[in-house]
Amino acid sequence: MALTGASVSIVKYIRSTSSSQSNERMDITVKMPHVTVPKDDTYFCTKKLIPTGNYSTPGYTPHATQSVAHHMLLYACEIPDTKKKIQYCDGMAASSSTSGSLPHGSTCNSAATLVWAWAKDAPAFKLPKGVGFPVGPSTKLRYLVLQVHVKSMAKANAGGMENVWVTAHSTPVPQPKIAGIYISASSYETIKPNKTRNWDIVCKYKDDIEMHPFAFRTHAHKLGVEVMGYRVRNEKWSLIGHKNPQLPEAFYKVKNTHLVIKKGDWLASRCVMHNFRNRVTMTGSKHTDEMCNFYIMYWTPRTKNTQSLATKECNNGYPWVHWRNYFTTLPKLPKY
């Protein structure tokens with residue numbers, strides 16, 4: 001297996017900014033090294049040690065195509081899972097077809113903080129003014145780890161992997177608001193051939209930290225038709241966001257910027273799935289399987305005791321979970 005070291009460029013540049021941002025900024029680009037891909041649906045991770053100092057990342061620019069990469073995820077970690085530049089990771093189970101010099105493991109040895117996600121040729125993303133993901137020694141998140149789910153072995157080995165990377169736009173000045181991500185995900189679901197059904201996810205928010213959503217992201221594979229997410233408080237439904245998951249899977253702005261999620265609120269998500277295939281389809285890590293995820297990107301004020309936020313995730317999505325079993329009133333669904 002041919003390998004080179006992870007290619008990482010760090011370029012400083014000057015830009016006029018507001019009082020909550022510094023004139024001096026830094027681009028941190030994390031790029032996949034050259035690697036021979038053994039098969040479709042291979043997961044790779046590569047890491048980058050964050051330069052000395054502390055930073056906030058208020059924006060990201062991707063460089064990839066959906067013909068090669070099914071998705072990219074960027075994590076901030078205290079300790080990556082391996083000392084090597086690249087490894088098989090997470091959704092990639094060890095097998096004879098992936099034997100060789102690369103180890104298998106997870107994204108991080110410690111808690112992984114998701115800071116960005118991409119799929120289906122999504123564009124660059126910029127956080128609101130004054131909001132950023134803190135990274136660097138003071139937060140203990142000293143590494144950025146890029147996970148790439150390779151969709152096509154043939155296209156990746158034909159030169160596609162050399163064109164897969166992401167740039168985190170960073171500032172050394174702490175932002176007054178800290179960004180975090182909350183994920184509602186289906187744990188196990190199934191859909192019969194040539195059928196349409198809802199995959200519902202219902203979670204009760206139990207954290208003391210109040211979330212102020214400013215962006216959302218949907219994720220499904222080929223069968224996803226609609227994905228939506230709500231906050232439910234005292235049987236009142238407030239829409240966070242909805243999107244066709246076949247569109248570019250970027251983070252999209254939340255329209256209701258005054259919405260706040262507090263301890264005791266319910267978070268209800270739904271994926272409408274249409275199985276056009278002549279076989280049963282289940283949740284899984286391959287691009288021919290299915291997934292149902294609703295991401296909330298939010299901010300909370302920076303305080304002495306809140307310097308960074310671990311990714312929050314709820315996986316209460318099973319065939320027996322339905323909105324009607326949790327709530328007496330149901331929302332009027334958005335039109336697409």
# chains A, B, ... in the order shown; residues from 1 in each chain; ligands from 1
>>> select_by_dssp(residues="range 138-315 of chain A", states="helix (DSSP H, G or I)", output="list in words")
Ser138, Thr139, Met153, Ala154, Lys155, Ala156, Asn157, Ala158, Gly159, Gly160, Met161, Glu162 and Asn163 of chain A
>>> write_last_selection(atoms="C-alpha atoms", output="PDB file, in the first residue's frame")
ATOM      1  CA  SER A 138      -6.442  25.310  26.603  1.00  0.00           C
ATOM      2  CA  THR A 139      -9.457  23.269  25.475  1.00  0.00           C
ATOM      3  CA  MET A 153     -12.621   2.667  -4.923  1.00  0.00           C
ATOM      4  CA  ALA A 154     -12.078   3.060  -8.682  1.00  0.00           C
ATOM      5  CA  LYS A 155     -12.420   6.842  -8.745  1.00  0.00           C
ATOM      6  CA  ALA A 156     -10.396   7.284  -5.560  1.00  0.00           C
ATOM      7  CA  ASN A 157      -7.514   5.198  -6.913  1.00  0.00           C
ATOM      8  CA  ALA A 158      -7.663   7.074 -10.220  1.00  0.00           C
ATOM      9  CA  GLY A 159      -6.451  10.207  -8.440  1.00  0.00           C
ATOM     10  CA  GLY A 160      -9.501  11.234  -6.477  1.00  0.00           C
ATOM     11  CA  MET A 161      -7.962  10.901  -3.000  1.00  0.00           C
ATOM     12  CA  GLU A 162      -5.325  13.522  -3.819  1.00  0.00           C
ATOM     13  CA  ASN A 163      -8.177  16.019  -4.118  1.00  0.00           C
TER      14      ASN A 163
END
>>> closest_residue(among="A:Tyr298, A:Phe276, A:Tyr55, A:Tyr205", to="Pro193 in chain A", atoms="only C-alpha atoms")
A:Phe276
>>> residues_around(residues="Asp81 in chain A", least_positions_apart="3", cutoff="12 Å", atoms="only C-alpha atoms", output="number ranges by chain")
A: 45-47, 77-78, 84-90, 103-112, 143-145
>>> closest_residue(among="A:His219, A:Arg197, A:His274, A:Lys151", to="Ala117 in chain A", atoms="only C-alpha atoms")
A:His219
>>> closest_residue(among="A:Pro213, A:Pro334, A:Pro62, A:Gly53", to="Ala168 in chain A", atoms="only C-alpha atoms")
A:Pro62
>>> atom_distance(atom1="CA of Pro331 in chain A", atom2="CA of Trp237 in chain A")
6.1 Å
>>> closest_residue(among="A:Glu210, A:Asp121, A:Asp40, A:Glu226", to="Cys292 in chain A", atoms="only C-alpha atoms")
A:Glu226
>>> atom_distance(atom1="CA of Asn244 in chain A", atom2="CA of Ala220 in chain A")
9.2 Å
>>> atom_distance(atom1="CA of Pro245 in chain A", atom2="CA of Leu74 in chain A")
19.8 Å
>>> closest_residue(among="A:Met26, A:Val35, A:Ala179, A:Leu141", to="Ile79 in chain A", atoms="only C-alpha atoms")
A:Leu141
>>> residues_around(residues="Tyr252 in chain A", least_positions_apart="3", cutoff="12 Å", atoms="only C-alpha atoms", output="PyMOL selection string")
chain A and resi 117-118+122-128+213-218+240-245+247-249+255+294-298
>>> closest_residue(among="A:Pro51, A:Pro319, A:Gly229, A:Gly264", to="Asn293 in chain A", atoms="only C-alpha atoms")
A:Gly229
